[in-house]
$ cat query.cif   # mmCIF, C-alpha atoms
data_model
loop_
_atom_site.label_atom_id
_atom_site.label_comp_id
_atom_site.auth_asym_id
_atom_site.auth_seq_id
_atom_site.Cartn_x
_atom_site.Cartn_y
_atom_site.Cartn_z
CA MET H 146 59.75 114.22 55.78
CA LEU H 147 63.09 115.02 57.28
CA ASP H 148 62.40 118.72 56.95
CA ALA H 149 59.08 118.33 58.67
CA MET H 150 60.67 116.51 61.57
CA GLN H 151 63.34 119.11 61.90
CA GLY H 152 60.66 121.73 61.86
CA GLU H 153 59.05 120.16 64.92
CA LYS H 154 62.25 120.15 66.82
CA PRO H 155 62.11 122.68 69.65
CA SER H 156 64.49 125.53 69.17
CA PRO H 157 67.37 125.57 71.64
CA PRO H 158 66.23 127.18 74.88
CA ALA H 159 67.12 130.83 75.20
CA ALA H 160 69.10 131.73 78.29
CA PRO H 161 66.54 132.59 80.98
CA THR H 162 66.49 136.29 81.62
CA ASN H 163 66.60 135.88 85.37
CA ALA H 164 69.64 133.59 85.17
CA PRO H 165 72.43 134.76 87.42
CA ALA H 166 75.30 136.53 85.73
CA ALA H 167 77.52 133.83 84.24
CA THR H 168 80.52 134.46 86.42
CA ASP H 169 79.54 136.37 89.44
CA PRO H 170 82.16 135.34 91.98
CA GLU H 171 80.56 137.10 94.92
CA ARG H 172 77.32 135.22 94.34
CA TRP H 173 79.38 132.01 94.31
CA VAL H 174 80.59 132.76 97.82
CA ASP H 175 77.03 133.24 99.07
CA GLU H 176 75.55 130.25 97.28
CA HIS H 177 78.30 127.66 97.53
CA GLY H 178 80.68 128.97 100.19
CA ASP H 179 79.17 127.08 103.13
CA CYS H 180 78.86 123.81 101.23
CA LEU H 181 82.46 123.96 100.00
CA PHE H 182 83.63 124.94 103.47
CA ARG H 183 81.90 121.92 105.05
CA PHE H 184 83.30 119.62 102.39
CA ALA H 185 86.83 120.92 103.00
CA LEU H 186 86.45 120.95 106.77
CA MET H 187 85.53 117.27 106.89
CA ARG H 188 88.66 116.35 104.98
CA LEU H 189 91.18 118.89 106.27
CA ARG H 190 89.89 119.08 109.86
CA ASP H 191 91.04 122.65 110.35
CA PRO H 192 88.81 125.71 109.78
CA ALA H 193 91.67 127.97 108.64
CA ARG H 194 92.92 125.40 106.14
CA ALA H 195 89.40 124.75 104.94
CA GLU H 196 88.84 128.50 104.39
CA ASP H 197 92.07 128.69 102.40
CA ALA H 198 91.04 125.74 100.25
CA VAL H 199 87.67 127.38 99.55
CA GLN H 200 89.38 130.64 98.62
CA GLU H 201 91.82 128.88 96.28
CA THR H 202 88.92 127.04 94.71
CA PHE H 203 87.01 130.22 93.91
CA LEU H 204 90.15 131.92 92.57
CA ALA H 205 90.90 128.93 90.32
CA ALA H 206 87.26 128.88 89.19
CA LEU H 207 87.47 132.57 88.35
CA LYS H 208 90.52 131.94 86.16
CA GLY H 209 88.89 128.90 84.59
CA GLY H 210 85.94 131.07 83.66
CA HIS H 211 83.34 128.42 82.84
CA ASN H 212 79.70 129.21 82.39
CA TYR H 213 77.02 127.14 83.99
CA SER H 214 73.35 127.88 83.86
CA GLY H 215 72.27 125.34 86.48
CA ARG H 216 73.19 125.80 90.08
CA GLY H 217 73.73 122.04 90.55
CA ALA H 218 76.22 121.82 87.68
CA GLU H 219 78.05 124.85 89.04
CA ARG H 220 78.38 123.28 92.47
CA THR H 221 79.60 119.95 91.05
CA TRP H 222 82.19 121.86 89.06
CA LEU H 223 83.34 123.83 92.12
CA ILE H 224 83.49 120.66 94.26
CA GLY H 225 85.67 119.08 91.56
CA ILE H 226 88.12 121.98 91.80
CA LEU H 227 88.02 121.83 95.59
CA LYS H 228 88.86 118.10 95.56
CA ASN H 229 92.00 118.90 93.57
CA LYS H 230 92.94 121.69 95.99
CA ILE H 231 92.54 119.29 98.93
CA CYS H 232 94.73 116.68 97.20
CA ASP H 233 97.32 119.41 96.52
CA TYR H 234 97.31 120.24 100.20
CA PHE H 235 97.93 116.62 101.18
CA ARG H 236 100.72 116.31 98.61
CA ARG H 237 102.45 119.32 100.11
CA ALA H 238 101.84 118.55 103.74
CA GLY H 239 101.47 114.81 104.16
CA ARG H 240 104.85 113.80 105.40
CA GLU H 241 104.28 112.36 108.82
CA VAL H 242 101.85 110.04 110.52
CA SER H 243 101.47 110.64 114.22
CA PHE H 244 101.40 108.02 116.92
CA THR H 245 97.71 108.70 117.61
CA ASP H 246 96.89 108.01 113.98
CA LEU H 247 98.58 104.63 114.01
CA GLU H 248 97.44 103.63 117.48
CA PHE H 249 93.92 104.93 117.04
CA TYR H 250 91.32 102.42 118.26
CA ALA H 251 93.96 99.69 118.75
CA GLY H 252 92.83 99.14 122.33
CA GLU H 253 89.13 99.11 121.47
CA GLU H 254 89.82 96.76 118.59
CA SER H 255 91.49 94.15 120.76
CA GLU H 256 88.83 94.58 123.46
CA ALA H 257 86.12 93.86 120.91
CA PHE H 258 87.37 90.30 120.64
CA VAL H 259 87.83 87.64 123.30
CA ASP H 260 91.34 86.33 123.59
CA ALA H 261 90.69 83.26 125.72
CA ALA H 262 92.25 80.05 124.42
CA SER H 263 88.89 78.30 124.23
CA ASN H 264 87.27 81.07 122.23
CA ARG H 265 90.15 82.54 120.33
CA GLY H 266 89.42 85.82 118.52
CA ALA H 267 85.64 85.63 118.77
CA TRP H 268 83.46 88.72 119.24
CA ASN H 269 83.23 89.88 122.81
CA SER H 270 79.60 89.57 123.93
CA LEU H 271 79.38 93.35 124.46
CA SER H 272 80.79 94.16 121.01
CA VAL H 273 78.76 91.76 118.88
CA PRO H 274 77.32 93.68 115.92
CA GLN H 275 73.60 94.27 116.47
CA GLU H 276 71.05 93.94 113.71
CA TRP H 277 70.41 97.29 111.95
CA SER H 278 66.79 97.68 110.99
CA ASP H 279 66.29 98.84 107.41
CA PRO H 280 69.56 100.75 106.94
CA GLY H 281 68.55 101.78 103.40
CA HIS H 282 65.72 103.85 104.86
CA SER H 283 68.23 105.84 106.94
CA LEU H 284 69.80 107.26 103.79
CA ASP H 285 66.82 109.62 103.40
CA ARG H 286 67.07 111.00 106.91
CA ASP H 287 69.07 114.15 107.62
CA LEU H 288 69.67 113.01 111.18
CA PHE H 289 71.35 109.86 109.93
CA TRP H 290 73.82 111.93 107.94
CA ARG H 291 74.40 114.17 110.91
CA ALA H 292 75.22 111.09 113.02
CA PHE H 293 77.47 109.82 110.21
CA ARG H 294 79.36 113.12 110.12
CA GLU H 295 79.62 113.45 113.89
CA CYS H 296 80.93 109.89 114.12
CA SER H 297 83.51 110.45 111.39
CA ASP H 298 84.56 113.72 113.05
CA LYS H 299 85.71 111.66 116.02
CA LEU H 300 88.38 109.94 113.93
CA PRO H 301 91.85 111.44 114.44
CA GLY H 302 93.47 113.62 111.73
CA LYS H 303 95.07 111.31 109.22
CA VAL H 304 92.66 108.45 109.83
CA ALA H 305 89.79 110.81 109.06
CA SER H 306 91.51 112.06 105.91
CA ALA H 307 92.17 108.51 104.73
CA PHE H 308 88.59 107.57 105.50
CA CYS H 309 87.11 110.54 103.60
CA LEU H 310 89.35 110.13 100.56
CA ARG H 311 88.66 106.41 100.33
CA GLU H 312 85.09 105.99 101.56
CA LEU H 313 83.49 109.26 100.49
CA ASP H 314 85.50 110.32 97.46
CA GLY H 315 86.22 106.78 96.25
CA ILE H 316 89.88 107.44 95.47
CA GLU H 317 91.89 104.24 94.81
CA SER H 318 93.96 102.89 97.73
CA LYS H 319 97.29 103.40 95.97
CA GLU H 320 96.51 107.04 95.29
CA VAL H 321 95.37 107.64 98.88
CA CYS H 322 98.69 106.16 100.08
CA ALA H 323 100.62 108.45 97.76
CA LEU H 324 98.65 111.51 98.88
CA LEU H 325 99.08 110.79 102.57
CA SER H 326 102.61 109.32 102.30
CA ILE H 327 101.69 106.10 104.07
CA THR H 328 102.19 102.44 103.17
CA GLU H 329 99.31 100.31 101.96
CA SER H 330 99.40 98.11 105.05
CA ASN H 331 99.18 101.24 107.22
CA LEU H 332 96.23 102.42 105.18
CA TRP H 333 94.45 99.09 105.54
CA VAL H 334 94.89 99.06 109.30
CA MET H 335 93.69 102.67 109.55
CA LEU H 336 90.66 102.02 107.36
CA HIS H 337 89.80 98.81 109.20
CA ARG H 338 89.84 100.58 112.55
CA ALA H 339 88.02 103.62 111.16
CA ARG H 340 85.25 101.38 109.80
CA MET H 341 85.06 99.50 113.07
CA ALA H 342 84.84 102.72 115.08
CA LEU H 343 82.32 104.31 112.75
CA ARG H 344 80.17 101.17 112.68
CA ARG H 345 80.08 101.08 116.45
CA CYS H 346 79.40 104.81 116.74
CA LEU H 347 76.53 104.64 114.24
CA GLU H 348 75.12 101.63 116.05
CA ILE H 349 75.09 103.50 119.36
CA ASN H 350 74.07 106.94 118.08
CA TRP H 351 71.72 106.10 115.25
CA PHE H 352 70.61 102.51 114.81
CA GLY H 353 70.31 101.82 118.53
CA LYS H 354 68.27 104.97 119.21
CA ASN H 355 66.28 104.60 116.05
CA LYS H 356 64.99 101.23 117.16
CA ILE H 357 63.34 102.81 120.20
CA SER H 358 61.82 105.80 118.46
CA PRO H 359 61.47 105.18 114.71
CA MET L 311 82.56 61.23 116.08
CA ASN L 312 80.12 61.06 113.19
CA PHE L 313 80.65 62.30 109.64
CA TRP L 314 79.08 65.74 110.03
CA HIS L 315 80.90 66.37 113.22
CA LYS L 316 84.16 65.72 111.38
CA ILE L 317 83.19 68.12 108.59
CA VAL L 318 82.40 70.89 111.08
CA GLN L 319 85.68 70.22 112.86
CA ALA L 320 87.60 70.49 109.59
CA CYS L 321 85.83 73.75 108.75
CA ARG L 322 86.74 75.19 112.15
CA GLU L 323 90.38 74.44 111.47
CA LEU L 324 90.32 76.08 108.04
CA SER L 325 88.36 79.07 109.28
CA MET L 326 89.75 82.40 110.42
CA ASP L 327 88.71 83.75 113.79
CA CYS L 328 86.32 86.73 114.05
CA HIS L 329 89.11 89.20 114.68
CA ALA L 330 90.97 88.24 111.51
CA ALA L 331 87.69 88.05 109.59
CA ALA L 332 86.77 91.63 110.55
CA HIS L 333 90.11 92.84 109.25
CA ALA L 334 89.87 90.74 106.09
CA GLN L 335 86.35 91.96 105.29
CA SER L 336 87.53 95.54 105.57
CA GLU L 337 90.58 94.91 103.37
CA MET L 338 88.35 93.29 100.78
CA LEU L 339 86.81 96.71 100.19
CA ASP L 340 90.25 98.04 99.23
CA HIS L 341 92.04 95.21 97.45
CA PRO L 342 91.54 91.54 96.50
CA LEU L 343 92.64 89.07 99.19
CA ASN L 344 95.09 86.28 98.42
CA GLY L 345 93.71 82.77 97.94
CA SER L 346 94.25 81.31 101.38
CA ARG L 347 92.84 84.33 103.23
CA ARG L 348 89.88 84.36 100.91
CA ALA L 349 89.23 80.67 101.59
CA GLY L 350 89.64 81.10 105.34
CA LEU L 351 87.24 84.03 105.33
CA ARG L 352 84.68 82.20 103.21
CA VAL L 353 84.65 79.22 105.54
CA HIS L 354 84.38 81.51 108.55
CA LEU L 355 81.44 83.40 107.08
CA LEU L 356 79.59 80.12 106.56
CA LEU L 357 79.84 79.46 110.26
CA CYS L 358 79.49 82.94 111.79
CA LYS L 359 76.37 85.08 111.45
CA TRP L 360 77.91 87.93 113.46
CA CYS L 361 80.72 88.35 110.96
CA ARG L 362 78.26 88.12 108.07
CA ARG L 363 76.34 90.94 109.74
CA TYR L 364 79.54 92.93 110.34
CA GLY L 365 80.46 92.59 106.66
CA ARG L 366 77.00 93.75 105.54
CA GLN L 367 77.24 96.79 107.78
CA ILE L 368 80.69 97.96 106.69
CA ARG L 369 79.70 97.43 103.04
CA PHE L 370 76.60 99.54 103.68
CA MET L 371 78.77 102.36 105.09
CA HIS L 372 81.23 101.94 102.20
CA THR L 373 78.57 102.58 99.56
CA ALA L 374 76.39 105.02 101.55
CA GLY L 375 78.89 107.89 101.48
CA ARG L 376 79.97 107.42 97.89
CA ARG L 377 76.50 107.10 96.44
CA ASN L 378 75.05 110.08 98.27
CA PRO L 379 77.34 113.03 97.59
CA GLY L 380 76.24 116.25 99.23
CA LYS L 381 74.20 114.60 102.01
CA LEU L 382 76.92 115.06 104.61
CA GLU L 383 77.29 118.72 103.71
CA GLU L 384 73.51 119.23 103.86
CA ALA L 385 73.38 117.75 107.35
CA ASP L 386 76.15 120.06 108.54
CA GLN L 387 75.36 123.31 110.33
CA ARG L 388 78.84 124.83 110.21
CA THR L 389 79.26 127.94 108.09
CA LEU L 390 82.02 130.02 106.60
CA SER L 391 82.72 132.83 109.07
CA GLU L 392 81.72 136.37 108.11
CA THR L 393 85.35 137.49 108.10
CA ALA L 394 86.40 134.64 105.81
CA ARG L 395 83.44 135.35 103.55
CA ALA L 396 84.37 139.03 103.30
CA ARG L 397 88.04 138.24 102.76
CA ILE L 398 87.30 135.75 99.97
CA LYS L 399 84.94 138.19 98.25
CA ALA L 400 87.62 140.90 98.40
CA LYS L 401 90.19 138.51 96.92
CA LEU L 402 87.83 137.64 94.12
CA ARG L 403 87.20 141.32 93.35
CA ASP L 404 90.98 141.85 93.11
CA GLY L 405 91.43 138.76 91.01
CA ARG L 406 88.80 139.65 88.45
#

$ encode --input "query.cif" --output "structure tokens"
Amino acid sequence: MLDAMQGEKPSPPAAPTNAPAATDPERWVDEHGDCLFRFALMRLRDPARAEDAVQETFLAALKGGHNYSGRGAERTWLIGILKNKICDYFRRAGREVSFTDLEFYAGEESEAFVDAASNRGAWNSLSVPQEWSDPGHSLDRDLFWRAFRECSDKLPGKVASAFCLRELDGIESKEVCALLSITESNLWVMLHRARMALRRCLEINWFGKNKISP
Amino acid sequence: MNFWHKIVQACRELSMDCHAAAHAQSEMLDHPLNGSRRAGLRVHLLLCKWCRRYGRQIRFMHTAGRRNPGKLEEADQRTLSETARARIKAKLRDGR
């Protein structure tokens, strides 16, 4: 019985003949270079630095010498290496927070709320969050992600880095603070303002427009 | 002043204002709030539909990016420059 069942088991798939050579670094550059570059550029905000991070990633991958048959698995693996390279960069470089990073959106934040004694700290009528129609549906639209990226590109250097590490890569707050050499209360203020700015930007550039022409 | 009026008044006093609630709802995504802030926020959210909406929207953004890896890169038109591409390929040939 057992033998019969084993007999029916499909034999392990042979490596497809048209599979790309296991480690073909130059093919990596053509297939994954742009994706890795965009990933790095969003977090490092500087094309030269992003190029360096991509180069280091490929060199480390070459040394690591893993084999992947699927393109998706290969990209996930490369992105994993790139994330570490980006963290290394922040560890080396992250020693100062500029005035613009700390003051970013401070004015807009206080303007968003009324400060009158009668209506202390309530939303200003112009800044009240509008209803977003079916936000889940937006996740399938390329233009939504383009708006998301363009809005997050408007955040200043360190705020953008903090936002990406926390909101996109899901790194724990304490680790983000260590990477960027900032205190937790600084991080919370930066993230709060970044979320506020991004929310407003998406509302104006995506959800507001989308309502008119679905 | 009737009974319900008094209850609403008491809630208003316990409640945060919208400004503090916006900050607290953001912080909640990063760490647990202490008891009194949590209570103040909860009471405020009972009374304020704008802040409930704000919270929904920042939570949507919080999960959108994490749960959809690769989407931002797909929607990006920027590319590695030809010189960088050539330089990286050369490095890789040397490193092999």

$ closest_residue --input "query.cif" --among "H:Glu295, H:Glu312, H:Glu320, H:Asp197" --to "Glu383 (chain L)" --atoms "only C-alpha atoms"
H:Glu295

$ atom_distance --input "query.cif" --atom1 "CA of Leu288 (chain H)" --atom2 "CA of Thr389 (chain L)"
18.0 Å

$ residues_around --input "query.cif" --residues "region 334-338 of chain H" --least-positions-apart "4" --cutoff "10 Å" --atoms "all atoms listed in the file" --output "PyMOL selection string"
(chain H and resi 246-251+253-254+300+303-305+307-309+311-312+329-330+342-344) or (chain L and resi 332-337+339-340+368)

$ write_last_selection --input "query.cif" --atoms "C-alpha atoms" --output "short mmCIF file (atom, residue, chain, number, x, y, z; two decimals), in the coordinates of the input"
data_model
loop_
_atom_site.label_atom_id
_atom_site.label_comp_id
_atom_site.auth_asym_id
_atom_site.auth_seq_id
_atom_site.Cartn_x
_atom_site.Cartn_y
_atom_site.Cartn_z
CA ASP H 246 96.89 108.01 113.98
CA LEU H 247 98.58 104.63 114.01
CA GLU H 248 97.44 103.63 117.48
CA PHE H 249 93.92 104.93 117.04
CA TYR H 250 91.32 102.42 118.26
CA ALA H 251 93.96 99.69 118.75
CA GLU H 253 89.13 99.11 121.47
CA GLU H 254 89.82 96.76 118.59
CA LEU H 300 88.38 109.94 113.93
CA LYS H 303 95.07 111.31 109.22
CA VAL H 304 92.66 108.45 109.83
CA ALA H 305 89.79 110.81 109.06
CA ALA H 307 92.17 108.51 104.73
CA PHE H 308 88.59 107.57 105.50
CA CYS H 309 87.11 110.54 103.60
CA ARG H 311 88.66 106.41 100.33
CA GLU H 312 85.09 105.99 101.56
CA GLU H 329 99.31 100.31 101.96
CA SER H 330 99.40 98.11 105.05
CA ALA H 342 84.84 102.72 115.08
CA LEU H 343 82.32 104.31 112.75
CA ARG H 344 80.17 101.17 112.68
CA ALA L 332 86.77 91.63 110.55
CA HIS L 333 90.11 92.84 109.25
CA ALA L 334 89.87 90.74 106.09
CA GLN L 335 86.35 91.96 105.29
CA SER L 336 87.53 95.54 105.57
CA GLU L 337 90.58 94.91 103.37
CA LEU L 339 86.81 96.71 100.19
CA ASP L 340 90.25 98.04 99.23
CA ILE L 368 80.69 97.96 106.69
#

$ interface_residues --input "query.cif" --of "chain L" --to "chain H" --cutoff "9 Å" --atoms "all atoms listed in the file" --output "MDAnalysis selection string"
chainID L and resid 326:330 332:337 340:341 360:361 363:364 367:368 370:391 394:395 397:403 405:406

$ atom_distance --input "query.cif" --atom1 "CA of Leu310 (chain H)" --atom2 "CA of Asp279 (chain H)"
26.6 Å

$ residues_around --input "query.cif" --residues "region 347-355 of chain L" --least-positions-apart "5" --cutoff "7 Å" --atoms "all atoms listed in the file" --output "list in words"
Cys321, Leu324, Ser325, Met326, Ala331, Cys361 and Arg362 of chain L

$ atom_distance --input "query.cif" --atom1 "CA of Arg188 (chain H)" --atom2 "CA of Ser306 (chain H)"
5.2 Å

$ residues_around --input "query.cif" --residues "Ala238 (chain H)" --least-positions-apart "4" --cutoff "12 Å" --atoms "all atoms listed in the file" --output "MDAnalysis selection string"
chainID H and resid 189 194 231:234 242 303 323:326

$ closest_residue --input "query.cif" --among "H:Gly252, H:Ser278, H:Val321, H:Gly302" --to "Phe352 (chain H)" --atoms "all atoms listed in the file"
H:Ser278
